[in-house]
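Participant: One file is attached below, input-v9.pdb, containing PDB, C-alpha atoms, pLDDT in the B column.
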```pdb
ATOM      1  CA  MET A   1      17.788 -31.835   0.591  1.00 40.00           C
ATOM      2  CA  ASP A   2      19.369 -28.738  -0.999  1.00 40.00           C
ATOM      3  CA  LEU A   3      17.751 -25.302  -1.323  1.00 40.00           C
ATOM      4  CA  GLN A   4      17.064 -25.700  -5.043  1.00 45.00           C
ATOM      5  CA  THR A   5      15.168 -28.968  -4.462  1.00 44.00           C
ATOM      6  CA  LEU A   6      13.186 -27.436  -1.606  1.00 40.00           C
ATOM      7  CA  THR A   7      12.303 -24.450  -3.805  1.00 43.00           C
ATOM      8  CA  ARG A   8      11.116 -26.697  -6.666  1.00 46.00           C
ATOM      9  CA  GLU A   9       9.029 -28.790  -4.269  1.00 48.00           C
ATOM     10  CA  GLY A  10       7.570 -25.646  -2.693  1.00 46.00           C
ATOM     11  CA  GLU A  11       6.603 -24.275  -6.095  1.00 50.00           C
ATOM     12  CA  ALA A  12       5.044 -27.606  -7.079  1.00 51.00           C
ATOM     13  CA  ALA A  13       3.068 -27.700  -3.817  1.00 46.00           C
ATOM     14  CA  TRP A  14       1.899 -24.136  -4.429  1.00 44.00           C
ATOM     15  CA  LEU A  15       0.716 -25.001  -7.956  1.00 49.00           C
ATOM     16  CA  ARG A  16      -1.170 -28.059  -6.657  1.00 46.00           C
ATOM     17  CA  LEU A  17      -2.813 -25.948  -3.950  1.00 41.00           C
ATOM     18  CA  LYS A  18      -3.646 -23.138  -6.375  1.00 42.00           C
ATOM     19  CA  ASN A  19      -5.178 -25.569  -8.887  1.00 44.00           C
ATOM     20  CA  HIS A  20      -7.055 -27.439  -6.176  1.00 37.00           C
ATOM     21  CA  LEU A  21      -8.604 -24.284  -4.739  1.00 36.00           C
ATOM     22  CA  GLU A  22      -9.143 -22.678  -8.166  1.00 37.00           C
ATOM     23  CA  LEU A  23      -7.930 -19.359  -6.851  1.00 35.00           C
ATOM     24  CA  SER A  24      -8.191 -16.248  -8.984  1.00 38.00           C
ATOM     25  CA  ASP A  25      -4.871 -14.664  -9.939  1.00 44.00           C
ATOM     26  CA  ALA A  26      -5.481 -11.781  -7.538  1.00 43.00           C
ATOM     27  CA  PHE A  27      -6.343 -14.141  -4.699  1.00 40.00           C
ATOM     28  CA  ALA A  28      -3.343 -16.301  -5.559  1.00 43.00           C
ATOM     29  CA  LEU A  29      -1.050 -13.292  -5.498  1.00 48.00           C
ATOM     30  CA  CYS A  30      -2.402 -12.310  -2.116  1.00 46.00           C
ATOM     31  CA  PHE A  31      -2.113 -15.862  -0.810  1.00 44.00           C
ATOM     32  CA  ILE A  32       1.614 -15.895  -1.414  1.00 44.00           C
ATOM     33  CA  PHE A  33       1.946 -12.574   0.416  1.00 47.00           C
ATOM     34  CA  SER A  34       2.115 -14.175   3.834  1.00 45.00           C
ATOM     35  CA  ALA A  35      -1.223 -14.350   5.615  1.00 47.00           C
ATOM     36  CA  HIS A  36      -3.061 -11.873   3.380  1.00 47.00           C
ATOM     37  CA  SER A  37      -6.119 -13.141   1.560  1.00 51.00           C
ATOM     38  CA  GLN A  38      -9.234 -11.980  -0.238  1.00 55.00           C
ATOM     39  CA  VAL A  39      -7.335  -9.489  -2.349  1.00 60.00           C
ATOM     40  CA  VAL A  40      -8.859  -7.093  -4.885  1.00 58.00           C
ATOM     41  CA  GLU A  41      -6.778  -4.988  -7.260  1.00 58.00           C
ATOM     42  CA  LEU A  42      -7.661  -1.344  -6.731  1.00 60.00           C
ATOM     43  CA  PHE A  43      -5.510   0.288  -9.387  1.00 59.00           C
ATOM     44  CA  ARG A  44      -2.156   0.331 -11.089  1.00 65.00           C
ATOM     45  CA  ARG A  45       0.296   3.192 -10.837  1.00 66.00           C
ATOM     46  CA  ARG A  46       3.506   4.019 -12.659  1.00 69.00           C
ATOM     47  CA  LEU A  47       5.644   1.853 -10.346  1.00 81.00           C
ATOM     48  CA  ALA A  48       3.275  -0.449  -8.461  1.00 86.00           C
ATOM     49  CA  GLU A  49       0.015  -2.355  -8.344  1.00 87.00           C
ATOM     50  CA  ILE A  50      -2.223  -1.454  -5.418  1.00 86.00           C
ATOM     51  CA  TYR A  51      -4.397  -4.135  -3.822  1.00 84.00           C
ATOM     52  CA  ARG A  52      -6.937  -4.131  -1.029  1.00 85.00           C
ATOM     53  CA  ALA A  53      -6.442  -7.243   1.065  1.00 83.00           C
ATOM     54  CA  ARG A  54      -7.489  -8.788   4.339  1.00 80.00           C
ATOM     55  CA  PHE A  55      -4.789  -9.881   6.762  1.00 77.00           C
ATOM     56  CA  ILE A  56      -5.979 -12.982   8.606  1.00 72.00           C
ATOM     57  CA  GLY A  57      -4.334 -13.975  11.844  1.00 72.00           C
ATOM     58  CA  VAL A  58      -5.027 -16.390  14.674  1.00 75.00           C
ATOM     59  CA  GLN A  59      -8.315 -16.661  16.569  1.00 81.00           C
ATOM     60  CA  GLY A  60     -10.341 -14.910  13.863  1.00 78.00           C
ATOM     61  CA  PHE A  61      -8.165 -11.780  13.779  1.00 81.00           C
ATOM     62  CA  ARG A  62      -8.764  -9.804  10.572  1.00 81.00           C
ATOM     63  CA  LYS A  63      -7.506  -6.456   9.365  1.00 84.00           C
ATOM     64  CA  GLU A  64      -8.078  -4.678   6.072  1.00 85.00           C
ATOM     65  CA  VAL A  65      -4.791  -3.534   4.515  1.00 86.00           C
ATOM     66  CA  VAL A  66      -3.445  -2.195   1.255  1.00 87.00           C
ATOM     67  CA  LEU A  67      -0.648  -4.023  -0.546  1.00 87.00           C
ATOM     68  CA  LYS A  68       1.566  -1.919  -2.782  1.00 89.00           C
ATOM     69  CA  VAL A  69       3.438  -4.379  -5.031  1.00 89.00           C
ATOM     70  CA  ILE A  70       6.267  -3.265  -7.316  1.00 88.00           C
ATOM     71  CA  LEU A  71       5.406  -3.911 -10.959  1.00 87.00           C
ATOM     72  CA  GLU A  72       6.838  -7.161 -12.237  1.00 86.00           C
ATOM     73  CA  ASN A  73       8.749  -5.467 -15.070  1.00 88.00           C
ATOM     74  CA  LEU A  74      10.478  -3.201 -12.506  1.00 89.00           C
ATOM     75  CA  SER A  75      11.198  -5.846  -9.871  1.00 87.00           C
ATOM     76  CA  GLN A  76      14.645  -6.638 -11.309  1.00 90.00           C
ATOM     77  CA  LYS A  77      15.704  -2.998 -11.637  1.00 92.00           C
ATOM     78  CA  LYS A  78      17.721  -1.922  -8.606  1.00 93.00           C
ATOM     79  CA  GLU A  79      16.812   1.747  -9.028  1.00 93.00           C
ATOM     80  CA  PHE A  80      13.106   0.981  -8.535  1.00 91.00           C
ATOM     81  CA  THR A  81      13.466  -1.608  -5.789  1.00 93.00           C
ATOM     82  CA  ASP A  82      15.725   0.811  -3.887  1.00 94.00           C
ATOM     83  CA  MET A  83      13.031   3.514  -4.201  1.00 91.00           C
ATOM     84  CA  MET A  84      10.392   1.203  -2.723  1.00 92.00           C
ATOM     85  CA  ILE A  85      12.678   0.098   0.111  1.00 94.00           C
ATOM     86  CA  GLN A  86      13.544   3.706   0.916  1.00 92.00           C
ATOM     87  CA  GLU A  87       9.850   4.712   0.844  1.00 91.00           C
ATOM     88  CA  ALA A  88       8.976   1.962   3.321  1.00 93.00           C
ATOM     89  CA  ARG A  89      11.902   2.733   5.623  1.00 92.00           C
ATOM     90  CA  ILE A  90      11.050   6.428   5.755  1.00 91.00           C
ATOM     91  CA  ALA A  91       7.285   5.934   6.063  1.00 91.00           C
ATOM     92  CA  ALA A  92       7.755   3.420   8.888  1.00 91.00           C
ATOM     93  CA  ASN A  93       8.989   6.341  11.034  1.00 90.00           C
ATOM     94  CA  LEU A  94       5.815   8.361  10.520  1.00 93.00           C
ATOM     95  CA  ASN A  95       3.146   8.269  13.193  1.00 93.00           C
ATOM     96  CA  HIS A  96       0.458  10.841  12.479  1.00 95.00           C
ATOM     97  CA  PRO A  97      -3.358  10.584  12.276  1.00 93.00           C
ATOM     98  CA  HIS A  98      -3.378  11.923   8.695  1.00 94.00           C
ATOM     99  CA  ILE A  99      -0.613   9.715   7.303  1.00 94.00           C
ATOM    100  CA  SER A 100      -1.279   6.069   6.401  1.00 93.00           C
ATOM    101  CA  GLN A 101       0.685   3.636   8.554  1.00 93.00           C
ATOM    102  CA  ILE A 102       3.168   1.153   7.090  1.00 93.00           C
ATOM    103  CA  PHE A 103       2.941  -2.344   8.587  1.00 90.00           C
ATOM    104  CA  GLU A 104       5.433  -4.377   6.591  1.00 88.00           C
ATOM    105  CA  LEU A 105       8.028  -4.353   3.828  1.00 90.00           C
ATOM    106  CA  GLY A 106       8.259  -7.783   2.275  1.00 86.00           C
ATOM    107  CA  LEU A 107       9.763  -9.669  -0.620  1.00 85.00           C
ATOM    108  CA  VAL A 108       8.035 -12.570  -2.356  1.00 80.00           C
ATOM    109  CA  GLU A 109       9.246 -14.136  -5.585  1.00 78.00           C
ATOM    110  CA  ASP A 110      11.617 -11.196  -6.274  1.00 82.00           C
ATOM    111  CA  ARG A 111       8.802  -8.632  -5.903  1.00 86.00           C
ATOM    112  CA  TYR A 112       8.880  -6.141  -3.058  1.00 90.00           C
ATOM    113  CA  TYR A 113       5.630  -5.131  -1.442  1.00 89.00           C
ATOM    114  CA  ILE A 114       4.527  -2.759   1.284  1.00 91.00           C
ATOM    115  CA  SER A 115       1.605  -3.618   3.532  1.00 89.00           C
ATOM    116  CA  MET A 116      -0.069  -0.451   4.776  1.00 90.00           C
ATOM    117  CA  GLU A 117      -3.149   0.935   6.451  1.00 92.00           C
ATOM    118  CA  TYR A 118      -6.377   0.737   4.474  1.00 90.00           C
ATOM    119  CA  VAL A 119      -8.313   4.006   4.558  1.00 90.00           C
ATOM    120  CA  GLU A 120     -11.972   3.529   3.736  1.00 89.00           C
ATOM    121  CA  GLY A 121     -13.070   6.367   1.509  1.00 87.00           C
ATOM    122  CA  TYR A 122     -11.877   8.009  -1.680  1.00 88.00           C
ATOM    123  CA  ASP A 123      -8.828   9.748  -2.988  1.00 89.00           C
ATOM    124  CA  LEU A 124      -9.348  13.505  -3.279  1.00 93.00           C
ATOM    125  CA  HIS A 125      -9.896  13.343  -7.046  1.00 92.00           C
ATOM    126  CA  GLN A 126     -12.617  10.684  -6.640  1.00 91.00           C
ATOM    127  CA  PHE A 127     -14.166  12.618  -3.739  1.00 91.00           C
ATOM    128  CA  ILE A 128     -14.481  15.837  -5.761  1.00 93.00           C
ATOM    129  CA  SER A 129     -15.855  13.896  -8.755  1.00 93.00           C
ATOM    130  CA  ARG A 130     -18.519  12.204  -6.594  1.00 91.00           C
ATOM    131  CA  VAL A 131     -19.572  15.513  -5.080  1.00 91.00           C
ATOM    132  CA  ARG A 132     -19.918  17.025  -8.567  1.00 93.00           C
ATOM    133  CA  GLU A 133     -21.836  13.959  -9.843  1.00 93.00           C
ATOM    134  CA  ARG A 134     -24.464  14.756  -7.226  1.00 92.00           C
ATOM    135  CA  GLY A 135     -24.774  18.308  -8.559  1.00 93.00           C
ATOM    136  CA  MET A 136     -22.999  19.792  -5.550  1.00 92.00           C
ATOM    137  CA  ASN A 137     -19.751  21.659  -4.929  1.00 91.00           C
ATOM    138  CA  VAL A 138     -17.103  21.274  -2.259  1.00 89.00           C
ATOM    139  CA  THR A 139     -17.854  24.158   0.082  1.00 91.00           C
ATOM    140  CA  ASP A 140     -15.158  26.637   1.068  1.00 90.00           C
ATOM    141  CA  PRO A 141     -15.211  25.516   4.733  1.00 88.00           C
ATOM    142  CA  LEU A 142     -14.839  21.841   3.690  1.00 91.00           C
ATOM    143  CA  ALA A 143     -12.033  22.682   1.245  1.00 90.00           C
ATOM    144  CA  ALA A 144     -10.251  24.691   3.962  1.00 91.00           C
ATOM    145  CA  TYR A 145     -10.654  21.777   6.407  1.00 92.00           C
ATOM    146  CA  ILE A 146      -9.164  19.272   3.953  1.00 92.00           C
ATOM    147  CA  ILE A 147      -6.290  21.624   3.100  1.00 92.00           C
ATOM    148  CA  ALA A 148      -5.587  22.207   6.803  1.00 93.00           C
ATOM    149  CA  LYS A 149      -5.349  18.431   7.420  1.00 94.00           C
ATOM    150  CA  ILE A 150      -3.012  18.034   4.443  1.00 94.00           C
ATOM    151  CA  CYS A 151      -0.811  20.876   5.719  1.00 94.00           C
ATOM    152  CA  ASP A 152      -0.809  19.362   9.213  1.00 95.00           C
ATOM    153  CA  ALA A 153       0.476  16.040   7.820  1.00 95.00           C
ATOM    154  CA  LEU A 154       3.092  17.739   5.621  1.00 95.00           C
ATOM    155  CA  GLN A 155       4.262  19.895   8.536  1.00 95.00           C
ATOM    156  CA  TYR A 156       4.652  16.802  10.707  1.00 96.00           C
ATOM    157  CA  ALA A 157       6.596  14.987   7.970  1.00 94.00           C
ATOM    158  CA  TYR A 158       9.066  17.841   7.686  1.00 94.00           C
ATOM    159  CA  PHE A 159       9.321  19.186  11.244  1.00 94.00           C
ATOM    160  CA  GLY A 160       8.065  16.415  13.535  1.00 93.00           C
ATOM    161  CA  ALA A 161       9.078  13.075  12.031  1.00 93.00           C
ATOM    162  CA  ARG A 162      12.231  11.542  13.503  1.00 92.00           C
ATOM    163  CA  ASP A 163      14.169   8.358  12.888  1.00 87.00           C
ATOM    164  CA  HIS A 164      14.857   5.707  15.541  1.00 86.00           C
ATOM    165  CA  SER A 165      17.768   7.758  16.924  1.00 91.00           C
ATOM    166  CA  GLY A 166      15.726  10.964  17.214  1.00 91.00           C
ATOM    167  CA  THR A 167      17.221  12.729  14.202  1.00 91.00           C
ATOM    168  CA  PRO A 168      14.699  14.917  12.322  1.00 92.00           C
ATOM    169  CA  LEU A 169      13.827  13.400   8.934  1.00 92.00           C
ATOM    170  CA  LYS A 170      12.722  16.636   7.191  1.00 94.00           C
ATOM    171  CA  ILE A 171      10.639  14.697   4.660  1.00 92.00           C
ATOM    172  CA  ILE A 172       9.382  16.537   1.600  1.00 90.00           C
ATOM    173  CA  HIS A 173       6.575  14.680  -0.199  1.00 88.00           C
ATOM    174  CA  ARG A 174       7.370  14.695  -3.911  1.00 82.00           C
ATOM    175  CA  ASP A 175       3.844  14.028  -5.165  1.00 84.00           C
ATOM    176  CA  VAL A 176       1.151  15.879  -3.223  1.00 89.00           C
ATOM    177  CA  SER A 177      -1.676  15.433  -5.714  1.00 89.00           C
ATOM    178  CA  PRO A 178      -5.391  14.519  -5.517  1.00 91.00           C
ATOM    179  CA  PRO A 179      -4.841  10.799  -6.259  1.00 87.00           C
ATOM    180  CA  ASN A 180      -2.355  10.618  -3.328  1.00 87.00           C
ATOM    181  CA  ILE A 181      -4.639  12.315  -0.788  1.00 92.00           C
ATOM    182  CA  LEU A 182      -7.181  10.063   0.873  1.00 91.00           C
ATOM    183  CA  VAL A 183     -10.469  11.367   2.249  1.00 89.00           C
ATOM    184  CA  SER A 184     -11.790   8.873   4.777  1.00 88.00           C
ATOM    185  CA  ARG A 185     -15.446   8.259   5.503  1.00 79.00           C
ATOM    186  CA  ASP A 186     -14.718   9.377   9.064  1.00 75.00           C
TER     187      ASP A 186
END
```
Before we go any further, please render this structure as structure tokens.

Facilitator:
Amino acid sequence: MDLQTLTREGEAAWLRLKNHLELSDAFALCFIFSAHSQVVELFRRRLAEIYRARFIGVQGFRKEVVLKVILENLSQKKEFTDMMIQEARIAANLNHPHISQIFELGLVEDRYYISMEYVEGYDLHQFISRVRERGMNVTDPLAAYIIAKICDALQYAYFGARDHSGTPLKIIHRDVSPPNILVSRD
């Protein structure tokens, strides 16, 4: 059997399975992303859709992850796929308690995705909004603590992060903004 026939049969089997299980589109998308399941779309950004998913492995192993999936309309544009690949390659070298870990860069049906650490909590914008909704303010000591943790992560990315050969990466984050800063429940 040739590759084209195998691909057609695989797609047909997937459609039968999808119809049989009556999967939602989000769940179906997650199902095709390897062993991820129970996916929920969190939000959509300029370049990617962000999903919360559960990785399911053998013997009941489960891990909450985030899937960052390049937007379908950008998946055929080399400029954008190269950006996602570069982001994953660089981020895979980062190992710091205040930087989300990258687990996997994958490609399914011409769409790149990054599987990364799920941080339970809020982005900084949501966090400040929730504090204000309760009629409170972020205290100066709490604001200073959050800023110190952000600076610690940025300092590591520039001065401490190294590639596999030990060369300093000197990473400069191009979008340090409240939606890109996560405040965990911890």

Participant: Evaluate the PyMOL selection byres ((chain A and resi 183) around 9) on the structure here and hand back the selected residues as number ranges by chain.

Facilitator: A: 119-124, 127, 146, 181-182, 184-186

Participant: When the PyMOL selection byres ((chain A and resi 114) around 10) is applied to the file above, which residues end up in the set, as a list in words?

Facilitator: Ile50, Val65, Val66, Leu67, Lys68, Val69, Ile70, Met84, Ile85, Glu87, Ala88, Ile102, Phe103, Glu104, Leu105, Gly106, Leu107, Tyr112, Tyr113, Ser115, Met116 and Glu117 of chain A

Participant: Got time to write the residues from that selection, C-alpha atoms, as a PDB file, in the coordinates of the input?

Facilitator:
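Result file follows (result_29.pdb):
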```pdb
ATOM      1  CA  ILE A  50      -2.223  -1.454  -5.418  1.00 86.00           C
ATOM      2  CA  VAL A  65      -4.791  -3.534   4.515  1.00 86.00           C
ATOM      3  CA  VAL A  66      -3.445  -2.195   1.255  1.00 87.00           C
ATOM      4  CA  LEU A  67      -0.648  -4.023  -0.546  1.00 87.00           C
ATOM      5  CA  LYS A  68       1.566  -1.919  -2.782  1.00 89.00           C
ATOM      6  CA  VAL A  69       3.438  -4.379  -5.031  1.00 89.00           C
ATOM      7  CA  ILE A  70       6.267  -3.265  -7.316  1.00 88.00           C
ATOM      8  CA  MET A  84      10.392   1.203  -2.723  1.00 92.00           C
ATOM      9  CA  ILE A  85      12.678   0.098   0.111  1.00 94.00           C
ATOM     10  CA  GLU A  87       9.850   4.712   0.844  1.00 91.00           C
ATOM     11  CA  ALA A  88       8.976   1.962   3.321  1.00 93.00           C
ATOM     12  CA  ILE A 102       3.168   1.153   7.090  1.00 93.00           C
ATOM     13  CA  PHE A 103       2.941  -2.344   8.587  1.00 90.00           C
ATOM     14  CA  GLU A 104       5.433  -4.377   6.591  1.00 88.00           C
ATOM     15  CA  LEU A 105       8.028  -4.353   3.828  1.00 90.00           C
ATOM     16  CA  GLY A 106       8.259  -7.783   2.275  1.00 86.00           C
ATOM     17  CA  LEU A 107       9.763  -9.669  -0.620  1.00 85.00           C
ATOM     18  CA  TYR A 112       8.880  -6.141  -3.058  1.00 90.00           C
ATOM     19  CA  TYR A 113       5.630  -5.131  -1.442  1.00 89.00           C
ATOM     20  CA  SER A 115       1.605  -3.618   3.532  1.00 89.00           C
ATOM     21  CA  MET A 116      -0.069  -0.451   4.776  1.00 90.00           C
ATOM     22  CA  GLU A 117      -3.149   0.935   6.451  1.00 92.00           C
TER      23      GLU A 117
END
```

Participant: To one decimal place, how far is CA of Met136 (chain A) from CA of Asp152 (chain A) in Å?

Facilitator: 26.7 Å

Participant: So how many Å separate CA of Ile147 (chain A) and CA of Arg134 (chain A), to one decimal?

Facilitator: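 One can read the CA of Ile147 (chain A) to CA of Arg134 (chain A) distance as 22.0 Å.
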
Participant: What is the CA of Ile128 (chain A)-CA of Val176 (chain A) distance in Å, reported with one decimal?

Facilitator: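 Pair CA of Ile128 (chain A) / CA of Val176 (chain A) returns 15.8 Å.
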
Participant: Using all atoms listed in the file, find the one residue out of A:Arg130, A:His164, A:His125, A:His96 that sits nearest to Pro179 (chain A).

Facilitator: A:His125

Participant: Measuring atom to atom with all atoms listed in the file, identify which of A:Val108, A:Ala148, A:Tyr118, A:Thr139 is nearest to Ala53 (chain A).

Facilitator: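 The shortest atom-to-atom distance to Ala53 (chain A) comes from A:Tyr118.
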
Participant: Just checking: using all atoms listed in the file, which residue out of A:Ala48, A:Phe55, A:Gln86, A:Arg62 ends up closest to Leu74 (chain A)?

Facilitator: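 Closest residue, counting all atoms listed in the file: A:Ala48.
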